[in-house]
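J.: This is coords.txt (compact mmCIF, N, CA and C atoms).
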# COMPACT_ATOMS: atom_id res chain seq x y z
N GLN A 27 -21.09 7.83 -35.32
CA GLN A 27 -20.14 7.70 -34.23
C GLN A 27 -19.47 6.33 -34.36
N LEU A 28 -18.15 6.33 -34.30
CA LEU A 28 -17.37 5.10 -34.41
C LEU A 28 -16.55 4.91 -33.15
N THR A 29 -16.44 3.67 -32.70
CA THR A 29 -15.63 3.32 -31.54
C THR A 29 -14.58 2.31 -31.96
N PHE A 30 -13.34 2.57 -31.59
CA PHE A 30 -12.23 1.69 -31.92
C PHE A 30 -11.56 1.23 -30.63
N ASN A 31 -11.23 -0.06 -30.56
CA ASN A 31 -10.47 -0.64 -29.46
C ASN A 31 -9.39 -1.52 -30.06
N GLY A 32 -8.21 -1.48 -29.49
CA GLY A 32 -7.15 -2.34 -29.98
C GLY A 32 -6.10 -2.58 -28.93
N THR A 33 -5.40 -3.69 -29.07
CA THR A 33 -4.31 -4.05 -28.18
C THR A 33 -3.16 -4.59 -29.01
N ILE A 34 -1.97 -4.13 -28.68
CA ILE A 34 -0.74 -4.64 -29.29
C ILE A 34 0.12 -5.15 -28.15
N ARG A 35 0.59 -6.39 -28.27
CA ARG A 35 1.48 -6.98 -27.27
C ARG A 35 2.63 -7.67 -28.00
N PHE A 36 3.82 -7.52 -27.46
CA PHE A 36 4.94 -8.26 -28.03
C PHE A 36 6.06 -8.40 -27.00
N PRO A 37 6.83 -9.49 -27.11
CA PRO A 37 7.96 -9.67 -26.21
C PRO A 37 9.09 -8.72 -26.60
N THR A 38 9.92 -8.34 -25.64
CA THR A 38 11.06 -7.48 -25.94
C THR A 38 12.35 -8.25 -25.68
N PHE A 39 12.90 -8.18 -24.47
CA PHE A 39 14.14 -8.88 -24.15
C PHE A 39 13.85 -9.96 -23.12
N GLY A 40 14.28 -11.18 -23.37
CA GLY A 40 14.05 -12.27 -22.42
C GLY A 40 12.56 -12.45 -22.16
N VAL A 41 12.16 -12.33 -20.88
CA VAL A 41 10.75 -12.51 -20.52
C VAL A 41 10.00 -11.17 -20.43
N GLN A 42 10.69 -10.06 -20.72
CA GLN A 42 10.06 -8.75 -20.66
C GLN A 42 9.10 -8.58 -21.84
N ARG A 43 8.12 -7.69 -21.67
CA ARG A 43 7.13 -7.50 -22.74
C ARG A 43 6.58 -6.08 -22.72
N PHE A 44 6.00 -5.69 -23.86
CA PHE A 44 5.37 -4.38 -24.01
C PHE A 44 3.92 -4.59 -24.40
N ARG A 45 3.05 -3.71 -23.89
CA ARG A 45 1.62 -3.79 -24.21
C ARG A 45 1.08 -2.38 -24.41
N LEU A 46 0.26 -2.20 -25.43
CA LEU A 46 -0.40 -0.93 -25.69
C LEU A 46 -1.88 -1.18 -25.95
N ASP A 47 -2.73 -0.53 -25.16
CA ASP A 47 -4.18 -0.59 -25.35
C ASP A 47 -4.64 0.77 -25.85
N VAL A 48 -5.48 0.77 -26.89
CA VAL A 48 -5.98 2.00 -27.49
C VAL A 48 -7.51 1.97 -27.47
N HIS A 49 -8.11 3.09 -27.07
CA HIS A 49 -9.57 3.24 -27.13
C HIS A 49 -9.85 4.62 -27.73
N ALA A 50 -10.63 4.66 -28.79
CA ALA A 50 -10.95 5.93 -29.46
C ALA A 50 -12.43 5.96 -29.81
N VAL A 51 -13.01 7.14 -29.66
CA VAL A 51 -14.38 7.38 -30.09
C VAL A 51 -14.34 8.60 -31.01
N VAL A 52 -14.87 8.44 -32.22
CA VAL A 52 -14.86 9.50 -33.22
C VAL A 52 -16.30 9.74 -33.67
N THR A 53 -16.71 10.99 -33.63
CA THR A 53 -18.04 11.36 -34.09
C THR A 53 -17.88 12.26 -35.30
N VAL A 54 -18.53 11.90 -36.39
CA VAL A 54 -18.48 12.67 -37.62
C VAL A 54 -19.80 13.42 -37.76
N GLY A 55 -19.73 14.68 -38.13
CA GLY A 55 -20.95 15.46 -38.30
C GLY A 55 -21.31 16.23 -37.05
N ASP A 56 -22.60 16.38 -36.82
CA ASP A 56 -23.09 17.13 -35.66
C ASP A 56 -22.74 16.44 -34.36
N THR A 57 -22.79 17.22 -33.28
CA THR A 57 -22.56 16.69 -31.94
C THR A 57 -23.66 15.69 -31.59
N THR A 58 -23.25 14.61 -30.97
CA THR A 58 -24.23 13.61 -30.54
C THR A 58 -24.90 14.07 -29.24
N PRO A 59 -26.03 13.50 -28.89
CA PRO A 59 -26.65 13.84 -27.61
C PRO A 59 -25.75 13.36 -26.45
N PRO A 60 -25.83 14.01 -25.29
CA PRO A 60 -24.96 13.67 -24.16
C PRO A 60 -25.01 12.20 -23.74
N GLN A 61 -26.11 11.52 -23.96
CA GLN A 61 -26.17 10.12 -23.56
C GLN A 61 -25.28 9.23 -24.44
N ARG A 62 -24.74 9.77 -25.54
CA ARG A 62 -23.81 9.02 -26.40
C ARG A 62 -22.35 9.43 -26.16
N PHE A 63 -22.10 10.28 -25.18
CA PHE A 63 -20.74 10.73 -24.90
C PHE A 63 -19.91 9.59 -24.32
N ALA A 64 -18.60 9.70 -24.49
CA ALA A 64 -17.63 8.76 -23.92
C ALA A 64 -16.80 9.54 -22.89
N TYR A 65 -16.31 8.85 -21.86
CA TYR A 65 -15.66 9.53 -20.75
C TYR A 65 -14.35 8.86 -20.34
N VAL A 66 -13.42 9.66 -19.79
CA VAL A 66 -12.22 9.17 -19.12
C VAL A 66 -12.07 9.95 -17.82
N GLY A 67 -11.28 9.40 -16.92
CA GLY A 67 -11.04 10.04 -15.63
C GLY A 67 -11.34 9.07 -14.51
N GLY A 68 -10.51 9.07 -13.50
CA GLY A 68 -10.69 8.16 -12.37
C GLY A 68 -9.74 6.99 -12.44
N SER A 69 -9.85 6.10 -11.49
CA SER A 69 -8.87 5.02 -11.31
C SER A 69 -8.75 4.08 -12.50
N GLY A 70 -9.78 3.89 -13.28
CA GLY A 70 -9.71 2.96 -14.40
C GLY A 70 -9.02 3.49 -15.64
N THR A 71 -8.92 4.82 -15.76
CA THR A 71 -8.33 5.38 -16.98
C THR A 71 -7.19 6.34 -16.67
N LEU A 72 -7.47 7.43 -15.97
CA LEU A 72 -6.46 8.42 -15.61
C LEU A 72 -6.56 8.68 -14.10
N PRO A 73 -5.85 7.90 -13.29
CA PRO A 73 -6.03 7.93 -11.84
C PRO A 73 -5.77 9.28 -11.16
N VAL A 74 -4.88 10.12 -11.72
CA VAL A 74 -4.60 11.40 -11.06
C VAL A 74 -5.81 12.32 -11.11
N ILE A 75 -6.67 12.14 -12.11
CA ILE A 75 -7.94 12.87 -12.14
C ILE A 75 -8.87 12.10 -11.20
N ARG A 76 -9.05 12.57 -10.02
CA ARG A 76 -9.77 11.83 -8.99
C ARG A 76 -11.26 11.73 -9.25
N GLU A 77 -11.83 12.72 -9.93
CA GLU A 77 -13.27 12.68 -10.20
C GLU A 77 -13.55 11.71 -11.34
N LEU A 78 -14.30 10.67 -11.04
CA LEU A 78 -14.62 9.63 -11.99
C LEU A 78 -15.36 10.22 -13.21
N LEU A 79 -14.90 9.84 -14.40
CA LEU A 79 -15.54 10.23 -15.66
C LEU A 79 -15.65 11.75 -15.81
N SER A 80 -14.61 12.48 -15.46
CA SER A 80 -14.68 13.94 -15.48
C SER A 80 -14.43 14.55 -16.85
N LEU A 81 -13.78 13.84 -17.76
CA LEU A 81 -13.58 14.33 -19.12
C LEU A 81 -14.48 13.56 -20.06
N GLY A 82 -15.36 14.26 -20.77
CA GLY A 82 -16.29 13.55 -21.64
C GLY A 82 -16.65 14.36 -22.87
N GLY A 83 -17.17 13.66 -23.86
CA GLY A 83 -17.61 14.31 -25.08
C GLY A 83 -17.83 13.31 -26.19
N ASP A 84 -18.01 13.82 -27.39
CA ASP A 84 -18.25 12.94 -28.53
C ASP A 84 -16.96 12.55 -29.25
N GLN A 85 -15.80 13.03 -28.77
CA GLN A 85 -14.49 12.64 -29.27
C GLN A 85 -13.66 12.17 -28.08
N LEU A 86 -12.95 11.06 -28.23
CA LEU A 86 -12.15 10.53 -27.12
C LEU A 86 -10.96 9.75 -27.67
N LEU A 87 -9.82 9.90 -27.00
CA LEU A 87 -8.65 9.07 -27.29
C LEU A 87 -7.98 8.74 -25.97
N HIS A 88 -7.76 7.45 -25.74
CA HIS A 88 -7.09 6.99 -24.52
C HIS A 88 -6.09 5.91 -24.90
N LEU A 89 -4.82 6.13 -24.51
CA LEU A 89 -3.73 5.17 -24.76
C LEU A 89 -3.18 4.73 -23.41
N ASP A 90 -2.99 3.43 -23.24
CA ASP A 90 -2.47 2.87 -22.00
C ASP A 90 -1.35 1.91 -22.37
N SER A 91 -0.11 2.29 -22.07
CA SER A 91 1.03 1.44 -22.42
C SER A 91 1.77 1.03 -21.17
N ARG A 92 2.36 -0.19 -21.22
CA ARG A 92 3.16 -0.70 -20.11
C ARG A 92 4.34 -1.51 -20.62
N TYR A 93 5.43 -1.31 -19.95
CA TYR A 93 6.60 -2.14 -20.17
C TYR A 93 6.74 -3.01 -18.94
N GLU A 94 6.55 -4.33 -19.10
CA GLU A 94 6.48 -5.25 -17.97
C GLU A 94 7.76 -6.07 -17.84
N ILE A 95 8.22 -6.18 -16.60
CA ILE A 95 9.44 -6.94 -16.29
C ILE A 95 9.11 -7.95 -15.19
N PRO A 96 8.89 -9.22 -15.53
CA PRO A 96 8.68 -10.24 -14.49
C PRO A 96 9.96 -10.42 -13.65
N ILE A 97 9.80 -10.53 -12.35
CA ILE A 97 10.93 -10.71 -11.44
C ILE A 97 10.99 -12.20 -11.10
N GLN A 98 11.68 -12.96 -11.91
CA GLN A 98 11.69 -14.42 -11.79
C GLN A 98 12.52 -14.93 -10.64
N ARG A 99 13.41 -14.11 -10.10
CA ARG A 99 14.24 -14.56 -8.97
C ARG A 99 13.42 -14.72 -7.69
N VAL A 100 12.29 -14.03 -7.64
CA VAL A 100 11.40 -14.13 -6.48
C VAL A 100 10.23 -15.00 -6.90
N LYS A 101 10.02 -16.08 -6.16
CA LYS A 101 8.93 -16.99 -6.49
C LYS A 101 8.35 -17.56 -5.21
N ALA A 102 7.04 -17.50 -5.10
CA ALA A 102 6.38 -18.03 -3.91
C ALA A 102 5.36 -19.09 -4.35
N PRO A 103 5.18 -20.14 -3.55
CA PRO A 103 4.17 -21.14 -3.88
C PRO A 103 2.78 -20.49 -4.01
N PHE A 104 2.05 -20.90 -4.98
CA PHE A 104 0.69 -20.44 -5.28
C PHE A 104 0.62 -19.01 -5.80
N LEU A 105 1.62 -18.17 -5.49
CA LEU A 105 1.59 -16.78 -5.93
C LEU A 105 2.40 -16.54 -7.20
N GLY A 106 3.41 -17.37 -7.43
CA GLY A 106 4.27 -17.18 -8.59
C GLY A 106 5.25 -16.05 -8.37
N SER A 107 5.62 -15.37 -9.46
CA SER A 107 6.59 -14.28 -9.42
C SER A 107 5.90 -12.93 -9.58
N PRO A 108 6.42 -11.89 -8.92
CA PRO A 108 5.86 -10.55 -9.11
C PRO A 108 6.28 -9.97 -10.46
N THR A 109 5.57 -8.96 -10.90
CA THR A 109 5.90 -8.26 -12.14
C THR A 109 5.96 -6.77 -11.85
N PHE A 110 7.08 -6.16 -12.25
CA PHE A 110 7.26 -4.71 -12.15
C PHE A 110 7.00 -4.12 -13.52
N ALA A 111 6.33 -2.98 -13.58
CA ALA A 111 6.06 -2.35 -14.87
C ALA A 111 6.12 -0.84 -14.75
N ILE A 112 6.45 -0.21 -15.85
CA ILE A 112 6.31 1.23 -16.00
C ILE A 112 5.10 1.43 -16.87
N ARG A 113 4.15 2.22 -16.38
CA ARG A 113 2.88 2.40 -17.10
C ARG A 113 2.71 3.87 -17.47
N HIS A 114 2.32 4.10 -18.71
CA HIS A 114 2.07 5.46 -19.20
C HIS A 114 0.66 5.50 -19.79
N ARG A 115 -0.14 6.42 -19.30
CA ARG A 115 -1.50 6.60 -19.81
C ARG A 115 -1.65 8.04 -20.27
N ILE A 116 -2.32 8.20 -21.39
CA ILE A 116 -2.58 9.53 -21.92
C ILE A 116 -3.99 9.53 -22.47
N GLY A 117 -4.74 10.58 -22.20
CA GLY A 117 -6.11 10.59 -22.67
C GLY A 117 -6.71 11.98 -22.70
N SER A 118 -7.78 12.09 -23.48
CA SER A 118 -8.53 13.33 -23.59
C SER A 118 -9.90 13.02 -24.15
N ALA A 119 -10.88 13.84 -23.82
CA ALA A 119 -12.22 13.71 -24.37
C ALA A 119 -12.85 15.09 -24.41
N GLY A 120 -13.59 15.36 -25.47
CA GLY A 120 -14.23 16.66 -25.59
C GLY A 120 -15.34 16.64 -26.62
N VAL A 121 -16.02 17.75 -26.74
CA VAL A 121 -17.11 17.90 -27.70
C VAL A 121 -16.56 18.53 -28.97
N GLN A 122 -16.72 17.85 -30.09
CA GLN A 122 -16.28 18.27 -31.42
C GLN A 122 -14.78 18.57 -31.48
N GLY A 123 -13.99 17.92 -30.66
CA GLY A 123 -12.55 18.08 -30.67
C GLY A 123 -11.96 17.60 -29.35
N LEU A 124 -10.64 17.48 -29.34
CA LEU A 124 -9.96 17.01 -28.14
C LEU A 124 -9.22 18.16 -27.47
N PRO A 125 -9.50 18.42 -26.20
CA PRO A 125 -8.72 19.42 -25.45
C PRO A 125 -7.33 18.86 -25.17
N PRO A 126 -6.46 19.63 -24.51
CA PRO A 126 -5.12 19.11 -24.19
C PRO A 126 -5.19 17.76 -23.47
N PHE A 127 -4.21 16.92 -23.78
CA PHE A 127 -4.17 15.58 -23.21
C PHE A 127 -3.67 15.62 -21.76
N VAL A 128 -4.15 14.66 -20.97
CA VAL A 128 -3.71 14.46 -19.60
C VAL A 128 -2.85 13.20 -19.61
N GLN A 129 -1.69 13.26 -18.95
CA GLN A 129 -0.80 12.10 -18.88
C GLN A 129 -0.69 11.61 -17.44
N ASN A 130 -0.51 10.33 -17.29
CA ASN A 130 -0.20 9.69 -16.01
C ASN A 130 0.92 8.70 -16.27
N VAL A 131 1.98 8.76 -15.48
CA VAL A 131 3.09 7.84 -15.64
C VAL A 131 3.56 7.40 -14.26
N GLY A 132 3.99 6.14 -14.16
CA GLY A 132 4.49 5.66 -12.88
C GLY A 132 4.69 4.17 -12.84
N PRO A 133 5.29 3.69 -11.75
CA PRO A 133 5.54 2.26 -11.59
C PRO A 133 4.31 1.52 -11.05
N ILE A 134 4.24 0.25 -11.39
CA ILE A 134 3.18 -0.62 -10.88
C ILE A 134 3.81 -1.97 -10.54
N LEU A 135 3.44 -2.52 -9.41
CA LEU A 135 3.93 -3.84 -8.99
C LEU A 135 2.73 -4.74 -8.79
N THR A 136 2.70 -5.85 -9.51
CA THR A 136 1.62 -6.83 -9.35
C THR A 136 2.23 -8.15 -8.92
N TRP A 137 1.53 -8.80 -8.03
CA TRP A 137 1.97 -10.11 -7.58
C TRP A 137 0.72 -10.93 -7.35
N SER A 138 0.50 -11.86 -8.26
CA SER A 138 -0.68 -12.70 -8.24
C SER A 138 -1.93 -11.83 -8.24
N PHE A 139 -2.64 -11.76 -7.14
CA PHE A 139 -3.89 -11.02 -7.11
C PHE A 139 -3.76 -9.63 -6.48
N ALA A 140 -2.54 -9.21 -6.10
CA ALA A 140 -2.33 -7.91 -5.46
C ALA A 140 -1.65 -6.92 -6.42
N ARG A 141 -2.00 -5.64 -6.29
CA ARG A 141 -1.44 -4.59 -7.14
C ARG A 141 -1.14 -3.35 -6.32
N LEU A 142 0.05 -2.76 -6.52
CA LEU A 142 0.44 -1.47 -5.95
C LEU A 142 0.82 -0.56 -7.11
N GLU A 143 0.32 0.69 -7.08
CA GLU A 143 0.61 1.60 -8.19
C GLU A 143 0.75 3.02 -7.69
N TRP A 144 1.71 3.74 -8.24
CA TRP A 144 1.88 5.16 -7.98
C TRP A 144 1.94 5.85 -9.32
N VAL A 145 1.13 6.88 -9.52
CA VAL A 145 1.12 7.60 -10.80
C VAL A 145 1.32 9.09 -10.56
N LEU A 146 1.89 9.74 -11.56
CA LEU A 146 2.21 11.16 -11.52
C LEU A 146 1.73 11.81 -12.80
N ASP A 147 1.13 12.99 -12.69
CA ASP A 147 0.81 13.81 -13.85
C ASP A 147 1.98 14.78 -14.00
N PRO A 148 2.83 14.60 -15.03
CA PRO A 148 4.03 15.45 -15.15
C PRO A 148 3.71 16.93 -15.34
N ALA A 149 2.55 17.26 -15.90
CA ALA A 149 2.21 18.66 -16.16
C ALA A 149 1.85 19.40 -14.87
N THR A 150 1.16 18.74 -13.96
CA THR A 150 0.69 19.42 -12.75
C THR A 150 1.47 19.04 -11.49
N GLY A 151 2.17 17.90 -11.54
CA GLY A 151 2.87 17.42 -10.36
C GLY A 151 1.98 16.65 -9.40
N ASN A 152 0.70 16.52 -9.71
CA ASN A 152 -0.21 15.76 -8.86
C ASN A 152 0.10 14.27 -8.98
N SER A 153 -0.05 13.56 -7.88
CA SER A 153 0.22 12.12 -7.89
C SER A 153 -0.85 11.39 -7.10
N ARG A 154 -0.85 10.09 -7.28
CA ARG A 154 -1.82 9.26 -6.55
C ARG A 154 -1.23 7.86 -6.37
N PHE A 155 -1.40 7.33 -5.16
CA PHE A 155 -1.00 5.97 -4.84
C PHE A 155 -2.27 5.14 -4.73
N SER A 156 -2.24 3.94 -5.28
CA SER A 156 -3.40 3.06 -5.16
C SER A 156 -2.94 1.62 -4.98
N TYR A 157 -3.84 0.82 -4.47
CA TYR A 157 -3.59 -0.60 -4.30
C TYR A 157 -4.89 -1.32 -4.57
N GLY A 158 -4.79 -2.59 -4.87
CA GLY A 158 -6.01 -3.33 -5.13
C GLY A 158 -5.79 -4.82 -5.06
N LEU A 159 -6.88 -5.53 -4.94
CA LEU A 159 -6.90 -6.98 -4.95
C LEU A 159 -7.86 -7.43 -6.04
N SER A 160 -7.46 -8.45 -6.77
CA SER A 160 -8.31 -8.98 -7.81
C SER A 160 -8.24 -10.50 -7.75
N PHE A 161 -9.36 -11.14 -7.81
CA PHE A 161 -9.36 -12.59 -7.74
C PHE A 161 -9.38 -13.22 -9.12
N VAL A 162 -9.15 -12.41 -10.14
CA VAL A 162 -9.01 -12.88 -11.51
C VAL A 162 -7.67 -12.40 -12.01
N ARG A 163 -6.86 -13.30 -12.55
CA ARG A 163 -5.55 -12.87 -13.06
C ARG A 163 -5.60 -12.61 -14.52
Show me, as structure tokens, the structure contained in the file I just sent.
T.:
Amino acid sequence: QLTFNGTIRFPTFGVQRFRLDVHAVVTVGDTTPPQRFAYVGGSGTLPVIRELLSLGGDQLLHLDSRYEIPIQRVKAPFLGSPTFAIRHRIGSAGVQGLPPFVQNVGPILTWSFARLEWVLDPATGNSRFSYGLSFVR
């Protein structure tokens, strides 16, 4: 069983930037025992799938990409400037193969330690709004 993680980041126009995070688990040969399975689903990976870790198996691929646009015209003391982004997540996990992929796409607004996000699964039309606070930037 092999696990791969990678991140690609690069600037685009002005202060805008693109980021892609990749996580893959590949199992060669027989199926691994369930305690070695990898999972996606829930707010950390595919938010529209509300049940945490609902897709699992010995094969997994998860891609998380964002196009970020800092809003420099708005600036507050101690908070800095907000960042608007379009985020696209796609993932799947299964036993000895990958079932159809699940996609989530939508806008995200972060400002210092606060985050607002709305995501949509284009295949089903299901959506989810979330917000959060983080004391680590």
J.: So the first atom is CA of Gln27 (chain A) and the second is CA of Leu81 (chain A); what is the distance between them in Å, to one decimal place?
T.: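 About the pair CA of Gln27 (chain A) and CA of Leu81 (chain A): they are 17.8 Å apart.
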J.: Would you be able to write out as a list in words which residues have an atom within 8 Å of (2.3, 2.3, -6.5) in the file's coordinates, counting all atoms listed in the file?
T.: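 Answer for this query, in the requested form: Gly132, Pro133, Ile134, Leu135, Arg141, Leu142, Glu143, Trp144, Val145, Arg154, Phe155, Ser156 and Tyr157 of chain A.
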J.: Can you pull out every residue from chain A that DSSP, working from the backbone, puts in strand (DSSP E), and format the result as a PyMOL selection string?
T.: chain A and resi 28-37+43-52+64-66+81-83+85-96+109-120+128-137+140-146+153-159
J.: Please provide as a ChimeraX atom specification all residues within 8 Å of region 108-123 of chain A, with the sequence filter that same-chain residues fewer than 5 positions apart are discarded (counting only N, CA and C atoms).
T.: /A:53,55-58,64-67,71-73,80-102,128-138,145
J.: Record the distance separating atom C of Arg45 (chain A) and atom C of Gly32 (chain A), expressed in Å with one decimal.
T.: 8.5 Å
J.: Measuring between all atoms listed in the file, which one of A:Arg35, A:Arg62, A:Leu146, A:Leu105 shows the shortest distance to Asp47 (chain A)?
T.: A:Arg35
J.: What gap, in Å, lies between CA of Val74 (chain A) and CA of Gly151 (chain A)?
T.: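 According to the coordinates, CA of Val74 (chain A) and CA of Gly151 (chain A) are separated by 9.6 Å.
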J.: Skip Leu28 (chain A) itself and residues of its chain fewer than 3 positions away, then list as a list of chain:residue names all residues within 9 Å of it, counting only C-alpha atoms.
T.: A:Ala50, A:Val51, A:Val52, A:Thr53, A:Val54
